[in-house]
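Worksheet for the structure shown next.
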Amino acid sequence: MTMRLKVFIGIISALSIFLFASFVRSDPLKDAVDSLFAQAEPDSLKEKLLLLGTDAIQYIFEYTGVSDKPEEKLAKDVIVSFGNDAIPEMLSQLRTENWMRMWVASDILVEIGDPLPLEDAVLKERREKVVSHLLYILEKIARPSSLRVFRHFAVSGNKSIASRAISALGTLGDTTDIRFVLKATRSGSPRVCRGAYSALGKFARRGAVPPELVGESVSCLVSGLGRRHYIERDVAVDALAAFGDDAVEYLEKYLNERNFYVRYNIVRVLEQIGTSGAFEVLTSLSEDEDWGVRWAVAEACANADFPNGELLLRRMLNVEESRFLRTRLSTLLTEGD
Amino acid sequence: MRSTISENPRRRKKVRGVVSRFPFVLLILLFTPLYSQQVIDEALHPVGMSSDDIRFRIDESPSDCYRVSVVNDVMESPLSLFPLTEAIADRLRGNTAGEDIVYLSSLLDRKVRGSYRVSISRRRPLTNALRKLYSGLGGSLSDDEANYLWDEAHKLSIPLQKTLAVGVLGLAEAVRYRNLAFSSLTDEEVRFLMTNAHRLLIEDTTTADGTEEFFTRRVLWISKKIDYASLFKGGAVLSNALSRMVHQLEEQGIYEIADTVLFRFPTPWGDIVLGNGGCNDYTGTPLFLVDVGGDDRYNLRWRPFSVIIDLSGNDRYAAEGDFSVATGYFGYQLIMEKSGDDIYTGGSASLGCGLFGVGMLIDEGGKDRFIGGSFTEGAGAFGIGLLVSGGGNDEYISERYSQGFGFTGGAGVMIDTKGSDLYTVGRKYEDFREEDFFSCLSQGFGFGIRDEASGGIGALFDFAGNDVYVGDYFVQGASYWYALGILYDRSGNDRYLARRYSQGAGTHLTAGILLDREGNDYYTTWGVSQGCGHDLSVGMLVDLSGNDSYTATVLSQGAGNDNGFGILVDVEGNDIYSAARNSRVQGSGNKMRGFSSLGLLIDLSGEDTYSEGYKNNAIYTSKQYGVVYDNEIKGFHWDY
């Protein structure tokens, strides 16, 4: 090792020790926060902590947590009360990438509710975990100003980030984004598809899907019902259910679909829609060749409040071949009584 | 009765057609075991799922250099957890400790390459072996020492010299590998690890000023530079050499000749001693000691390298402080007890633990008692800890991180081959969730640092006897954060007592299994247990035979929570499932992040009783997704 290298390593070590020493040194503000939390007077504690000013936020934050203790709640409330002044410190807590700090800081930022500083921050951010949390926060705050951020990340090469951003587009419900979302449902990435299905459901819940796009949306979501993994299927079921009766006429076209999952999950969608129109389609599926689909129909009859549900269950019991399903039908009918 | 697996009309027609044309196919079908995939597919069919759906996407959280491929494999195919456990148990059963270390290294993706046998020199074997050991430890034999050694060695027969030389050379080689493992670290980095690494596991040092994160991240950053394959190879070479040496000693009838100290040679790193069949008191830690008999007492302190072979007698081992008694801490310690009823009392980091090293405690016979603190009794972190006990009814007592505990970068394994044993852990670190119940993380527990570093492999294997396992939080085949926890009990009527996150439980992107092969077993817990997967995790409890009783209160007995998979499979016997009503038990799931979890309870034979009122030979489903599948199936075979 050369002398220069040794000197360099020596300087770096000394700097690290200095930095560490300054990191753990005693601070009067920290002592003040500690002593206030040590006092057993929660009533006046909040006011006293606020009087310490914004420099105390970093120390107050150390008393937050995720176990719902009164002390943790109080610390969180105090930080929220600082409003926008607390945002820089919360952003630095997010950047620690410590899961507990990130969760707490996220909750606080949502409660503060100002998206603008966060939008600027997320566009400059490079770390996936931090971006993901900021997108989550902005979606919770749900202000139109965040659209530019969601659109920016919706085309990200990082599929996890893109999925979250696409899903958030649905929360804001700007109809100009629907075509982009429909395109995203055809992505090769299951994760992006999941985000797109979720977004379509959110658009539908807001009534933001134009009538001319309902058919295409349903078609895209039906392809999600038949996907290989249940995660996408689950998200597509919820999204389709959000279309309500509008979806039923389109779903009828898929009753003879070869893919078992499509037929099975159409039953789940119809159960959630729960209308008489949905029940009619459900009745046709009660004669499906697959006992799994018939099982889903039976459960749907029992769970949803269809006026003729019990009748259908009895009819199914009379002709059912599967011993498992026969037992189940009997149980459901007995429970109904 | 054979299962009604062909409920699917299409498949049924096809089978009928084939059978009518080829009668012998019927015979084949009758004698073909029913594979788990078919059973699970049938069980999941009513909820619109199949066994293909039981998989996680391992990119849910970014990977890190400590993620072991076996954990990734299990996360991608959680149903493979059962055959993997069987395979590991088969490999570890009857192996030598050296083979165990090699196998565990490969499970940690640190494959030990090349031979791990030592070759002694023909001339002056013991002297040359000691010279090599001195050189590895950073010293050299002076002329006086060499002369003294020459005189002492001459008192021994040539075969005995050669035998001892095998062990000493094994230690010398291990020292060389240990030096190689840490060669990329600066002295300051090694000092930092030695001063701070224990903060991760031994002490409760949670601070409110963020210093803990600073230490943790620096420890993780430095520890990446260690050459673990070399570190583990040293452990394998050492234990292999010692097994060979002990075998040769036994062949030479050392028991009969050793009634006095045959050989003693002091070194700056501890004494090298052979002998004495009497009752001895050993204080401090020897570098290399072979005691051939008598009831001995050992009072041990930490040294980076130490070997103790005690061939017989009822011995007592006591730790003078933490990090002693078979503790591989920046090196290797091995204790091998061939017989006798022994008592081991360790502090924290003791009794077969490895922290940046390999620690092995092998007790081959007798009725033994092991008492440890935290990180003990088969515990590994950035290293391997191994505790093997054969024969006798043993008792294991500890406080936390023990009895088969694997932390980041490590594997902690405990193997008990015979006897009815008692495993107890707890009574010290109260869990913040509940008064008077304790955080244990033991009895086959894998543990990682959430969002920072994936966990390791913690496994407890008990091959015989009616055993009792007692713990509270995080015990008995469970894990946390990209880790693997295994509790495997091969036979006997066992009792499992726990409180929460236990008995085949995974908590936060991880996998845990409790596998009990035989016996009438009794499982009791409060919740999040008995085949429970919480937050993108899999928890599996598999009991292959016997009339078993399962008792829990909430979220147990095949329960999935927050996108987890919880699976309980009981293959044979008349079983009783008892739990609080409507409290998410016996096949229960929920929905989170827009998609479901899966709770699956499968019982494949017998007259069973369910507190939820379920009948035999029936399927029950609940939304998002819960399944109870009770069927009479013979010849069940797990095929993943």
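Identifiers in the structure tokens: chain A, B, ... in order shown; residue index from 1 per chain; ligand index from 1 in order shown.
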
Shell around Leu138 (chain A) at 9 Å using only C-alpha atoms, local window under 4 positions removed, as a PDB file with C-alpha atoms, in the first residue's frame:
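Produced file part37.pdb, reproduced below:
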ATOM      1  CA  VAL A 110     -51.017  12.197   3.188  1.00  0.00           C
ATOM      2  CA  GLY A 113     -52.185  16.840   1.944  1.00  0.00           C
ATOM      3  CA  ASP A 114     -50.142  19.289  -0.133  1.00  0.00           C
ATOM      4  CA  PRO A 115     -49.092  17.539  -3.353  1.00  0.00           C
ATOM      5  CA  LEU A 118     -44.055  16.062  -3.453  1.00  0.00           C
ATOM      6  CA  GLU A 119     -44.637  16.295  -7.183  1.00  0.00           C
ATOM      7  CA  HIS A 133     -44.100   5.667  -1.859  1.00  0.00           C
ATOM      8  CA  LEU A 134     -44.437   9.169  -3.281  1.00  0.00           C
ATOM      9  CA  ALA A 142     -55.591  12.812  -5.385  1.00  0.00           C
ATOM     10  CA  ARG A 143     -55.245  16.328  -6.742  1.00  0.00           C
ATOM     11  CA  SER A 146     -50.531  15.179  -9.900  1.00  0.00           C
ATOM     12  CA  VAL A 149     -46.573  13.011 -12.489  1.00  0.00           C
ATOM     13  CA  PHE A 150     -48.690   9.901 -13.023  1.00  0.00           C
ATOM     14  CA  ALA A 168     -53.371   6.212 -10.101  1.00  0.00           C
TER      15      ALA A 168
END

May I ask you to extract the residues of chain B within 6 Å of chain A, using only C-alpha atoms, and to give them as a PDB file with C-alpha atoms, in the first residue's frame?
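Full text of part00.pdb as output:
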ATOM      1  CA  HIS B  45     -61.113 -25.756  -8.369  1.00  0.00           C
ATOM      2  CA  PRO B  46     -64.212 -24.424  -6.588  1.00  0.00           C
ATOM      3  CA  ASP B  53     -51.627 -19.960  -8.812  1.00  0.00           C
ATOM      4  CA  ALA B 208     -34.037   6.872  18.938  1.00  0.00           C
ATOM      5  CA  GLY B 594     -56.688  -5.569  -4.870  1.00  0.00           C
ATOM      6  CA  PHE B 595     -56.161  -9.319  -4.793  1.00  0.00           C
ATOM      7  CA  ALA B 618     -66.839 -32.316   1.650  1.00  0.00           C
TER       8      ALA B 618
END

Problem - Top pick for closest residue to Phe288 (chain B), considering B:Cys440, B:Ile576, B:Leu130, B:Val358 and counting only C-alpha atoms - result: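 Counting only C-alpha atoms, the residue closest to Phe288 (chain B) is B:Leu130.
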
Exercise for the section: Determine, counting only C-alpha atoms, which protein, DNA and RNA residues have an atom within 6 Å of an atom of region 529-543 of chain B; residues of the same chain fewer than 2 positions away are not included. Present the result as a ChimeraX atom specification. Expected result: /B:501-517,527,545,556-570

Neighbouring residues of Gln476 (chain B) were defined as those with any atom within 8 Å, considering only C-alpha atoms; residues of the same chain fewer than 4 positions away were excluded. Please report them as an mmCIF file with N, CA and C atoms, in the first residue's frame.
data_model
loop_
_atom_site.group_PDB
_atom_site.id
_atom_site.type_symbol
_atom_site.label_atom_id
_atom_site.label_comp_id
_atom_site.auth_asym_id
_atom_site.auth_seq_id
_atom_site.Cartn_x
_atom_site.Cartn_y
_atom_site.Cartn_z
ATOM 1 N N SER B 442 -37.239 -18.751 17.209
ATOM 2 C CA SER B 442 -36.454 -19.965 17.461
ATOM 3 C C SER B 442 -37.177 -21.210 16.952
ATOM 4 N N GLN B 443 -36.527 -22.363 17.158
ATOM 5 C CA GLN B 443 -37.093 -23.672 16.820
ATOM 6 C C GLN B 443 -37.431 -23.770 15.334
ATOM 7 N N GLY B 444 -36.399 -23.512 14.513
ATOM 8 C CA GLY B 444 -36.573 -23.527 13.071
ATOM 9 C C GLY B 444 -37.123 -22.207 12.596
ATOM 10 N N PHE B 445 -36.298 -21.154 12.733
ATOM 11 C CA PHE B 445 -36.755 -19.813 12.361
ATOM 12 C C PHE B 445 -35.720 -19.108 11.480
ATOM 13 N N TYR B 469 -42.191 -29.035 22.320
ATOM 14 C CA TYR B 469 -41.631 -27.762 21.861
ATOM 15 C C TYR B 469 -42.434 -26.635 22.511
ATOM 16 N N GLY B 485 -37.678 -21.010 7.345
ATOM 17 C CA GLY B 485 -37.705 -21.624 8.676
ATOM 18 C C GLY B 485 -38.309 -23.006 8.573
ATOM 19 N N ILE B 486 -37.613 -23.984 9.149
ATOM 20 C CA ILE B 486 -38.073 -25.372 9.044
ATOM 21 C C ILE B 486 -38.053 -26.028 10.420
ATOM 22 N N LEU B 487 -39.159 -26.646 10.786
ATOM 23 C CA LEU B 487 -39.156 -27.565 11.929
ATOM 24 C C LEU B 487 -39.624 -28.909 11.386
ATOM 25 N N TYR B 496 -46.664 -29.381 20.499
ATOM 26 C CA TYR B 496 -46.153 -28.090 20.033
ATOM 27 C C TYR B 496 -46.965 -26.991 20.712
ATOM 28 N N ALA B 498 -47.271 -22.877 21.321
ATOM 29 C CA ALA B 498 -46.768 -21.571 20.893
ATOM 30 C C ALA B 498 -47.863 -20.531 21.078
ATOM 31 N N SER B 502 -46.408 -18.820 14.388
ATOM 32 C CA SER B 502 -45.683 -20.059 14.687
ATOM 33 C C SER B 502 -46.316 -21.272 14.009
ATOM 34 N N GLN B 503 -45.644 -22.415 14.135
ATOM 35 C CA GLN B 503 -46.152 -23.701 13.663
ATOM 36 C C GLN B 503 -46.517 -23.669 12.174
ATOM 37 N N GLY B 504 -45.486 -23.409 11.372
ATOM 38 C CA GLY B 504 -45.692 -23.315 9.932
ATOM 39 C C GLY B 504 -46.282 -21.974 9.571
ATOM 40 N N LEU B 514 -43.707 -26.416 9.169
ATOM 41 C CA LEU B 514 -43.585 -27.403 10.234
ATOM 42 C C LEU B 514 -44.028 -28.719 9.602
#

Completion exercise
Atom pair CA of Cys220 (chain A) + CA of Val181 (chain A), distance 10.1 Å

Problem - Contacts of Trp526 (chain B) at 12 Å (only C-alpha atoms; same-chain gap of 3+ positions) as a PyMOL selection string - result: chain B and resi 434+437+471-474+496-503+523+529-530+550-557+578-580+583+585

Serialized selection, N, CA and C atoms, as a compact mmCIF listing (two decimals), in the first residue's frame:
# COMPACT_ATOMS: atom_id res chain seq x y z
N GLU B 434 -47.80 -8.07 23.34
CA GLU B 434 -48.57 -8.75 24.37
C GLU B 434 -47.76 -8.93 25.65
N PHE B 437 -45.81 -12.47 27.17
CA PHE B 437 -45.45 -13.42 26.11
C PHE B 437 -44.18 -12.90 25.44
N GLY B 471 -42.69 -22.41 23.10
CA GLY B 471 -42.23 -21.05 22.78
C GLY B 471 -43.43 -20.14 22.67
N ASP B 472 -43.18 -18.85 22.38
CA ASP B 472 -44.30 -17.90 22.26
C ASP B 472 -44.42 -17.35 20.85
N TYR B 473 -43.70 -16.26 20.58
CA TYR B 473 -43.81 -15.58 19.28
C TYR B 473 -42.71 -16.04 18.33
N PHE B 474 -43.08 -16.30 17.09
CA PHE B 474 -42.13 -16.65 16.04
C PHE B 474 -41.33 -17.92 16.38
N TYR B 496 -46.66 -29.38 20.50
CA TYR B 496 -46.15 -28.09 20.03
C TYR B 496 -46.96 -26.99 20.71
N LEU B 497 -46.32 -26.19 21.51
CA LEU B 497 -47.02 -25.12 22.22
C LEU B 497 -46.43 -23.77 21.82
N ALA B 498 -47.27 -22.88 21.32
CA ALA B 498 -46.77 -21.57 20.89
C ALA B 498 -47.86 -20.53 21.08
N ARG B 499 -47.57 -19.32 20.69
CA ARG B 499 -48.54 -18.24 20.87
C ARG B 499 -48.94 -17.59 19.54
N ARG B 500 -47.96 -17.15 18.77
CA ARG B 500 -48.30 -16.37 17.57
C ARG B 500 -47.18 -16.46 16.54
N TYR B 501 -47.53 -16.33 15.26
CA TYR B 501 -46.56 -16.41 14.15
C TYR B 501 -45.73 -17.70 14.23
N SER B 502 -46.41 -18.82 14.39
CA SER B 502 -45.68 -20.06 14.69
C SER B 502 -46.32 -21.27 14.01
N GLN B 503 -45.64 -22.41 14.13
CA GLN B 503 -46.15 -23.70 13.66
C GLN B 503 -46.52 -23.67 12.17
N TYR B 523 -51.09 -29.75 18.72
CA TYR B 523 -50.61 -28.41 18.34
C TYR B 523 -51.51 -27.38 19.02
N SER B 529 -50.92 -18.81 12.92
CA SER B 529 -50.12 -20.02 13.07
C SER B 529 -50.78 -21.20 12.36
N GLN B 530 -50.14 -22.36 12.49
CA GLN B 530 -50.67 -23.63 11.98
C GLN B 530 -51.05 -23.53 10.50
N TYR B 550 -55.48 -30.00 16.77
CA TYR B 550 -55.02 -28.64 16.46
C TYR B 550 -55.92 -27.65 17.21
N THR B 551 -55.31 -26.79 17.98
CA THR B 551 -56.09 -25.78 18.71
C THR B 551 -55.52 -24.39 18.44
N ALA B 552 -56.40 -23.46 18.12
CA ALA B 552 -55.96 -22.08 17.87
C ALA B 552 -57.11 -21.14 18.16
N THR B 553 -56.82 -19.85 18.12
CA THR B 553 -57.91 -18.90 18.33
C THR B 553 -58.23 -18.14 17.04
N VAL B 554 -57.25 -17.46 16.47
CA VAL B 554 -57.54 -16.69 15.25
C VAL B 554 -56.52 -16.97 14.16
N LEU B 555 -56.93 -16.70 12.94
CA LEU B 555 -56.07 -16.70 11.75
C LEU B 555 -55.10 -17.89 11.73
N SER B 556 -55.67 -19.08 11.76
CA SER B 556 -54.83 -20.27 11.83
C SER B 556 -55.49 -21.44 11.11
N GLN B 557 -54.78 -22.56 11.05
CA GLN B 557 -55.28 -23.81 10.47
C GLN B 557 -55.66 -23.62 8.99
N SER B 578 -59.77 -27.36 16.35
CA SER B 578 -60.57 -26.57 17.26
C SER B 578 -60.09 -25.12 17.24
N ALA B 579 -61.02 -24.19 17.14
CA ALA B 579 -60.65 -22.77 17.09
C ALA B 579 -61.84 -21.92 17.48
N ALA B 580 -61.57 -20.65 17.75
CA ALA B 580 -62.68 -19.74 18.05
C ALA B 580 -63.52 -19.61 16.78
N SER B 583 -63.41 -16.74 13.31
CA SER B 583 -62.27 -15.86 13.57
C SER B 583 -61.16 -16.15 12.56
N VAL B 585 -60.39 -18.85 10.64
CA VAL B 585 -59.63 -20.09 10.82
C VAL B 585 -60.18 -21.15 9.88

Handout entry: All strand (DSSP E or B) positions in region 455-530 of chain B, as a PyMOL selection string
Key = chain B and resi 457-462+468-470+473-475+478-480+484-489+495-497+500-502+505-507+511-516+522-524+527-529

Handout entry: helix (DSSP H, G or I) call set, DSSP backbone run, region 96-244 of chain A, as a PyMOL selection string
Key = chain A and resi 99-112+116-124+128-141+144-154+159-172+175-184+190-205+211-225+230-241

Problem - Distance of CA of Asn259 (chain A) from CA of Phe636 (chain B), expressed in Å to one decimal place - result: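 Separation of CA of Phe636 (chain B) and CA of Asn259 (chain A): 28.8 Å.
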
Taking 4 positions as the minimum chain separation for residues in the same chain, which residues sit within 10 Å of region 138-147 of chain B when counting only C-alpha atoms? Answer as a PDB file with C-alpha atoms, in the first residue's frame.
ATOM      1  CA  THR B 127       5.746 -30.980  14.541  1.00  0.00           C
ATOM      2  CA  LEU B 130       2.055 -27.389  14.521  1.00  0.00           C
ATOM      3  CA  ARG B 131       4.472 -25.301  12.488  1.00  0.00           C
ATOM      4  CA  LYS B 132       1.748 -24.813   9.905  1.00  0.00           C
ATOM      5  CA  LEU B 133      -0.783 -23.894  12.590  1.00  0.00           C
ATOM      6  CA  TYR B 134       1.659 -21.367  14.090  1.00  0.00           C
ATOM      7  CA  ASP B 151      10.662 -33.878  23.308  1.00  0.00           C
ATOM      8  CA  GLU B 152       6.939 -33.944  24.074  1.00  0.00           C
ATOM      9  CA  ALA B 153       5.994 -35.454  20.745  1.00  0.00           C
ATOM     10  CA  VAL B 175      -7.118 -20.958  10.034  1.00  0.00           C
ATOM     11  CA  PHE B 265       2.072 -27.775  24.544  1.00  0.00           C
ATOM     12  CA  PRO B 266       1.262 -24.152  25.405  1.00  0.00           C
ATOM     13  CA  THR B 267       0.822 -21.629  22.592  1.00  0.00           C
ATOM     14  CA  PRO B 268      -0.115 -17.935  22.629  1.00  0.00           C
ATOM     15  CA  TRP B 269      -3.563 -18.951  21.336  1.00  0.00           C
TER      16      TRP B 269
END

Practice task
Find the residues near region 178-194 of chain B: any atom within 12 Å, counting only C-alpha atoms, skip ones fewer than 5 places away on the same chain, and give them as a ChimeraX atom specification.
Solution key: /A:1,6,9-10,12-14,16-17 /B:110,135-138,171-173,199-200,215-238,304-305,323,328-332,355-358,382-383

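With only C-alpha atoms as the atoms that count, the minimum distance from Trp103 (chain A) to the choices A:Arg314, A:Arg127, A:Lys76, A:Arg205 is reached by A:Lys76.
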